[in-house]
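Trainee: Dropping in protein-v4.csv, with CSV, C-alpha atoms.
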```
chain,number,residue,atom,x,y,z
A,106,MET,CA,102.5,142.0,90.6
A,107,PRO,CA,102.1,141.5,86.8
A,108,VAL,CA,102.2,144.5,84.5
A,109,HIS,CA,101.1,144.1,80.9
A,110,ALA,CA,100.6,146.5,78.0
A,111,ALA,CA,97.3,147.0,76.3
A,112,SER,CA,95.2,149.6,74.5
A,113,VAL,CA,91.9,151.1,75.6
A,114,LEU,CA,88.9,149.7,73.8
A,115,SER,CA,86.0,151.4,75.7
A,116,ILE,CA,85.1,153.2,78.9
A,117,GLY,CA,82.4,151.6,81.0
A,118,ASP,CA,82.0,154.2,83.8
A,119,GLY,CA,84.2,156.2,86.0
A,120,ASP,CA,86.2,153.2,87.3
A,121,THR,CA,85.7,150.5,84.6
A,122,ILE,CA,87.4,150.2,81.2
A,123,THR,CA,87.8,147.5,78.6
A,124,ILE,CA,91.2,147.0,77.1
A,125,THR,CA,92.5,144.8,74.3
A,126,ASN,CA,95.8,143.0,73.9
A,127,GLY,CA,95.7,141.5,70.5
A,128,ALA,CA,92.6,139.5,70.2
A,129,GLN,CA,92.0,139.3,73.9
A,130,LYS,CA,89.5,141.8,75.5
A,131,THR,CA,89.7,142.3,79.2
A,132,ARG,CA,87.4,144.4,81.5
A,133,VAL,CA,89.4,146.2,84.2
A,134,ARG,CA,87.9,147.6,87.4
A,135,LEU,CA,90.2,150.3,88.6
A,136,ALA,CA,91.7,149.2,92.0
A,137,CYS,CA,91.4,151.1,95.3
A,138,ILE,CA,89.0,153.7,94.0
A,139,ASP,CA,85.2,154.0,93.6
A,140,ALA,CA,83.7,156.5,91.2
A,141,PRO,CA,80.1,157.7,91.4
A,142,GLU,CA,77.5,155.4,89.7
A,143,THR,CA,76.3,156.8,86.3
A,144,SER,CA,72.8,157.2,87.9
A,145,GLN,CA,74.3,159.5,90.5
A,146,THR,CA,73.6,162.7,88.5
A,147,PRO,CA,75.5,164.7,87.4
A,148,TYR,CA,78.7,163.3,89.0
A,149,GLY,CA,78.6,159.8,87.6
A,150,MET,CA,78.4,160.9,84.0
A,151,GLU,CA,81.0,163.7,84.6
A,152,SER,CA,83.4,161.1,86.1
A,153,ARG,CA,82.9,158.8,83.0
A,154,GLN,CA,83.4,161.7,80.5
A,155,ALA,CA,86.5,162.8,82.3
A,156,LEU,CA,87.9,159.3,82.0
A,157,GLN,CA,87.0,159.2,78.3
A,158,ARG,CA,88.9,162.5,77.8
A,159,PHE,CA,91.9,161.1,79.6
A,160,LEU,CA,91.9,157.7,78.0
A,161,PRO,CA,90.6,158.0,74.4
A,162,ILE,CA,90.0,154.8,72.5
A,163,GLY,CA,93.3,153.4,71.4
A,164,THR,CA,95.4,154.9,74.2
A,165,GLU,CA,98.3,152.7,75.1
A,166,VAL,CA,98.3,151.8,78.8
A,167,ASN,CA,100.0,149.4,81.2
A,168,VAL,CA,97.8,147.5,83.7
A,169,ARG,CA,99.2,146.6,87.1
A,170,SER,CA,97.0,143.6,87.9
A,171,LYS,CA,96.1,143.0,91.6
A,172,ALA,CA,93.2,140.5,91.6
A,173,THR,CA,90.1,139.2,89.8
A,174,ASP,CA,86.8,140.3,91.2
A,175,ARG,CA,83.6,138.3,91.6
A,176,TYR,CA,82.4,139.5,88.2
A,177,GLY,CA,85.5,138.1,86.5
A,178,ARG,CA,87.0,141.6,85.9
A,179,THR,CA,90.7,142.2,86.4
A,180,VAL,CA,91.3,144.6,89.3
A,181,GLY,CA,94.3,146.8,88.8
A,182,GLU,CA,96.0,150.2,88.5
A,183,ILE,CA,96.1,151.7,85.0
A,184,LEU,CA,99.3,153.5,84.0
A,185,LYS,CA,99.4,155.9,81.1
A,186,GLY,CA,103.1,156.7,80.7
A,187,SER,CA,104.2,157.7,84.2
A,188,THR,CA,100.7,158.7,85.2
A,189,ASN,CA,98.8,156.5,87.6
A,190,ILE,CA,95.2,156.9,86.3
A,191,ASN,CA,93.6,155.5,89.5
A,192,GLN,CA,95.4,158.2,91.5
A,193,GLN,CA,94.6,160.9,89.0
A,194,ARG,CA,90.9,160.0,89.3
A,195,VAL,CA,91.0,160.7,93.1
A,196,ALA,CA,93.2,163.8,92.6
A,197,SER,CA,90.7,165.3,90.2
A,198,GLY,CA,87.7,164.7,92.4
A,199,ASN,CA,86.2,162.1,90.0
A,200,ALA,CA,86.4,159.2,92.4
A,201,PHE,CA,86.7,158.4,96.1
A,202,VAL,CA,89.4,156.2,97.7
A,203,TYR,CA,87.8,152.8,98.2
A,204,TRP,CA,89.2,152.4,101.7
A,205,GLN,CA,87.6,149.0,102.2
A,206,TYR,CA,89.7,147.7,99.3
A,207,ILE,CA,92.9,149.9,99.6
A,208,SER,CA,95.1,146.9,100.2
A,209,GLY,CA,97.9,146.6,97.6
A,210,CYS,CA,97.8,150.3,96.8
A,211,ASP,CA,99.9,153.2,98.2
A,212,ARG,CA,97.6,154.2,101.0
A,213,GLN,CA,99.5,157.4,101.9
A,214,THR,CA,99.5,158.7,98.4
A,215,TYR,CA,95.8,158.0,97.9
A,216,SER,CA,94.9,159.6,101.2
A,217,ARG,CA,96.9,162.8,100.4
A,218,LEU,CA,95.3,163.1,96.9
A,219,GLU,CA,91.8,162.7,98.3
A,220,ASN,CA,92.4,165.2,101.1
A,221,ASP,CA,93.8,167.7,98.5
A,222,ALA,CA,90.7,167.2,96.3
A,223,ARG,CA,88.4,167.6,99.3
A,224,LEU,CA,90.1,170.9,100.4
A,225,ARG,CA,89.9,172.2,96.8
A,226,LYS,CA,86.2,171.2,96.6
A,227,LEU,CA,86.8,169.3,93.3
A,228,GLY,CA,84.1,167.1,91.6
A,229,VAL,CA,82.5,164.8,94.2
A,230,TRP,CA,83.8,167.2,96.9
A,231,SER,CA,82.0,170.3,95.5
A,232,VAL,CA,79.3,169.9,98.2
A,233,PRO,CA,80.1,170.0,101.9
A,234,GLY,CA,81.3,166.6,103.1
A,235,GLY,CA,81.2,165.2,99.5
A,236,ILE,CA,78.4,163.5,97.7
A,237,GLN,CA,76.8,160.2,98.8
A,238,ARG,CA,79.5,157.6,98.6
A,239,PRO,CA,79.0,155.2,95.7
A,240,TRP,CA,79.1,152.1,98.0
A,241,ASP,CA,76.3,153.7,100.2
A,242,TYR,CA,74.4,154.6,97.1
A,243,ARG,CA,74.5,151.0,95.8
A,244,ARG,CA,73.5,149.6,99.2
A,245,SER,CA,70.5,152.0,99.4
A,246,ARG,CA,69.5,151.0,95.9
A,247,ARG,CA,69.6,147.3,96.9
A,248,GLY,CA,67.1,148.2,99.7
A,249,GLY,CA,69.7,148.4,102.5
A,250,SER,CA,70.2,151.2,105.0
A,251,THR,CA,70.0,154.6,103.4
A,252,SER,CA,71.9,156.2,106.3
A,253,SER,CA,75.4,156.9,105.4
A,254,SER,CA,76.5,158.5,108.6
A,255,SER,CA,76.0,155.7,111.1
A,256,GLY,CA,75.2,152.5,109.2
A,257,GLY,CA,77.0,149.3,110.2
A,258,GLY,CA,80.0,149.9,112.2
A,259,ALA,CA,79.6,153.0,114.4
A,260,SER,CA,77.2,154.2,117.0
A,261,SER,CA,76.6,157.8,118.0
A,262,THR,CA,77.3,159.0,121.5
A,263,GLY,CA,73.7,158.7,122.5
A,264,SER,CA,73.7,162.3,123.6
A,265,GLY,CA,71.7,163.4,120.5
A,266,SER,CA,74.7,165.4,119.3
A,267,GLY,CA,75.3,163.0,116.4
A,268,LYS,CA,79.0,163.0,117.2
A,269,PHE,CA,81.3,160.0,117.2
A,270,HIS,CA,84.3,159.0,119.3
A,271,CYS,CA,87.2,156.9,118.0
A,272,GLY,CA,86.7,154.4,120.8
A,273,GLU,CA,83.2,153.6,119.6
A,274,ILE,CA,84.0,153.2,115.9
A,275,ARG,CA,84.7,149.6,115.1
A,276,SER,CA,87.3,150.1,112.3
A,277,TRP,CA,89.8,152.5,110.8
A,278,SER,CA,88.0,152.4,107.5
A,279,LYS,CA,84.7,153.3,109.1
A,280,ALA,CA,86.4,156.3,110.8
A,281,GLN,CA,87.7,157.4,107.3
A,282,ASP,CA,84.1,157.2,106.0
A,283,LEU,CA,82.8,159.3,108.8
A,284,LEU,CA,85.6,161.9,108.2
A,285,LYS,CA,84.6,162.0,104.5
A,286,GLN,CA,81.0,162.7,105.6
A,287,GLY,CA,82.1,165.8,107.4
A,288,HIS,CA,83.0,164.6,110.9
A,289,ASN,CA,86.2,166.6,110.8
A,290,TYR,CA,86.7,166.5,114.6
A,291,LEU,CA,87.8,162.9,114.3
A,292,ASP,CA,90.9,164.1,112.5
A,293,ARG,CA,92.5,165.8,115.6
A,294,ASP,CA,95.9,166.5,114.1
A,295,GLY,CA,94.5,167.7,110.7
A,296,ASP,CA,96.5,165.3,108.6
A,297,GLY,CA,93.5,164.0,106.7
A,298,GLU,CA,93.2,160.7,108.6
A,299,ALA,CA,90.7,160.0,111.4
A,300,CYS,CA,91.3,157.9,114.5
A,301,GLU,CA,94.9,156.7,113.7
A,302,SER,CA,94.7,154.7,116.9
A,303,LEU,CA,92.3,152.2,115.2
A,304,LYS,CA,95.0,151.1,112.6
```
Spit out the file's structure as structure tokens when you get a sec.
Mentor:
Amino acid sequence: MPVHAASVLSIGDGDTITITNGAQKTRVRLACIDAPETSQTPYGMESRQALQRFLPIGTEVNVRSKATDRYGRTVGEILKGSTNINQQRVASGNAFVYWQYISGCDRQTYSRLENDARLRKLGVWSVPGGIQRPWDYRRSRRGGSTSSSSGGGASSTGSGSGKFHCGEIRSWSKAQDLLKQGHNYLDRDGDGEACESLK
């Protein structure tokens, strides 16, 4: 995948930056992570400010491009020296792993970093089970389901217990979402990954 050097021009939010390479400006969406929206107070602004501190204007970075999204932004991993900024965002609790779009990133490393941040109750993990996921927040703002625990892809046991079984969850990524929401019993071996059988 192509890697090119650039310098930071501005920080949009916790997972979007603008870089410049000569006269060319490019908006970059950080791949494989999802930071809180700026309207998710206080976490969204904290995430943005943390990224501003880590990537001040003019910082030299390398961009490992992966794709272009529907808004025309480059989707990629940002490297500052030997530091992978995308992974650092997850490790510091300033972003979630975006499991739906993890392809092309080091799944194991992202999973380990997120699990560590969760156990240390950093940032978005400072409340039990973590804050509302940004993708659920955006969906609820668009008028979709506000339920983040059972929306689209899993059904509860029907016993009224609100518990889920791996066999009833339709996808591995949905199982990880449920784990992040506090359904820790889905991670039977305690390795930070729910329902490995669904992979």
Trainee: Could you list, as a list in words, every residue within 12 Å of Gly177 in chain A, counting only C-alpha atoms and ignoring same-chain residues fewer than 5 positions away?
Mentor: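 That gives Thr131, Arg132, Val133, Arg134 and Ala172 of chain A.
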Trainee: I'd like the contact shell of range 235-244 of chain A - 7 Å cut-off, only C-alpha atoms, skipping same-chain residues fewer than 3 positions apart - returned as a ChimeraX atom specification.
Mentor: /A:139-142,229-232,247-250,253,285-286
Trainee: Measuring between only C-alpha atoms, which one of A:Leu284, A:Lys171, A:Glu298, A:Gly117 shows the shortest distance to Arg217 in chain A?
Mentor: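 So, comparing all the options, the nearest one is A:Glu298.
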Trainee: For Thr123 in chain A, please output as a list in words all residues within 12 Å (counting all atoms listed in the file; exclusion window: fewer than 4 positions along the same chain).
Mentor: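 The filter keeps Ala111, Ser112, Val113, Leu114, Ser115, Ile116, Gly117, Asp118, Gly119, Gln129, Lys130, Thr131, Arg132, Val133, Arg134, Leu135, Gln157, Leu160, Pro161, Ile162, Gly163, Thr164, Val166, Val168, Arg178, Thr179, Val180 and Ile183 of chain A.
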Trainee: Of the candidates A:Pro233, A:Gly209, A:Gly149, A:Gly198, which shows the shortest atom-to-atom distance to Arg169 in chain A, using only C-alpha atoms?
Mentor: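 Result for the nearest residue to Arg169 in chain A: A:Gly209.
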Trainee: Tell me which protein, DNA and RNA residues are within 8 Å of range 136-138 of chain A, counting all atoms listed in the file, leaving out same-chain ones fewer than 2 positions away, and put them as a PyMOL selection string.
Mentor: chain A and resi 120+134+140+171+180-182+191+195+200-204+206-208+210
Trainee: Rounded to one decimal place, report the CA of Tyr148 in chain A-CA of Asn199 in chain A distance in Å.
Mentor: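 Distance reported for this atom pair: 7.7 Å.
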Trainee: Which value, in Å to one decimal, gives the distance between CA of Glu219 in chain A and CA of Gln154 in chain A?
Mentor: 19.7 Å
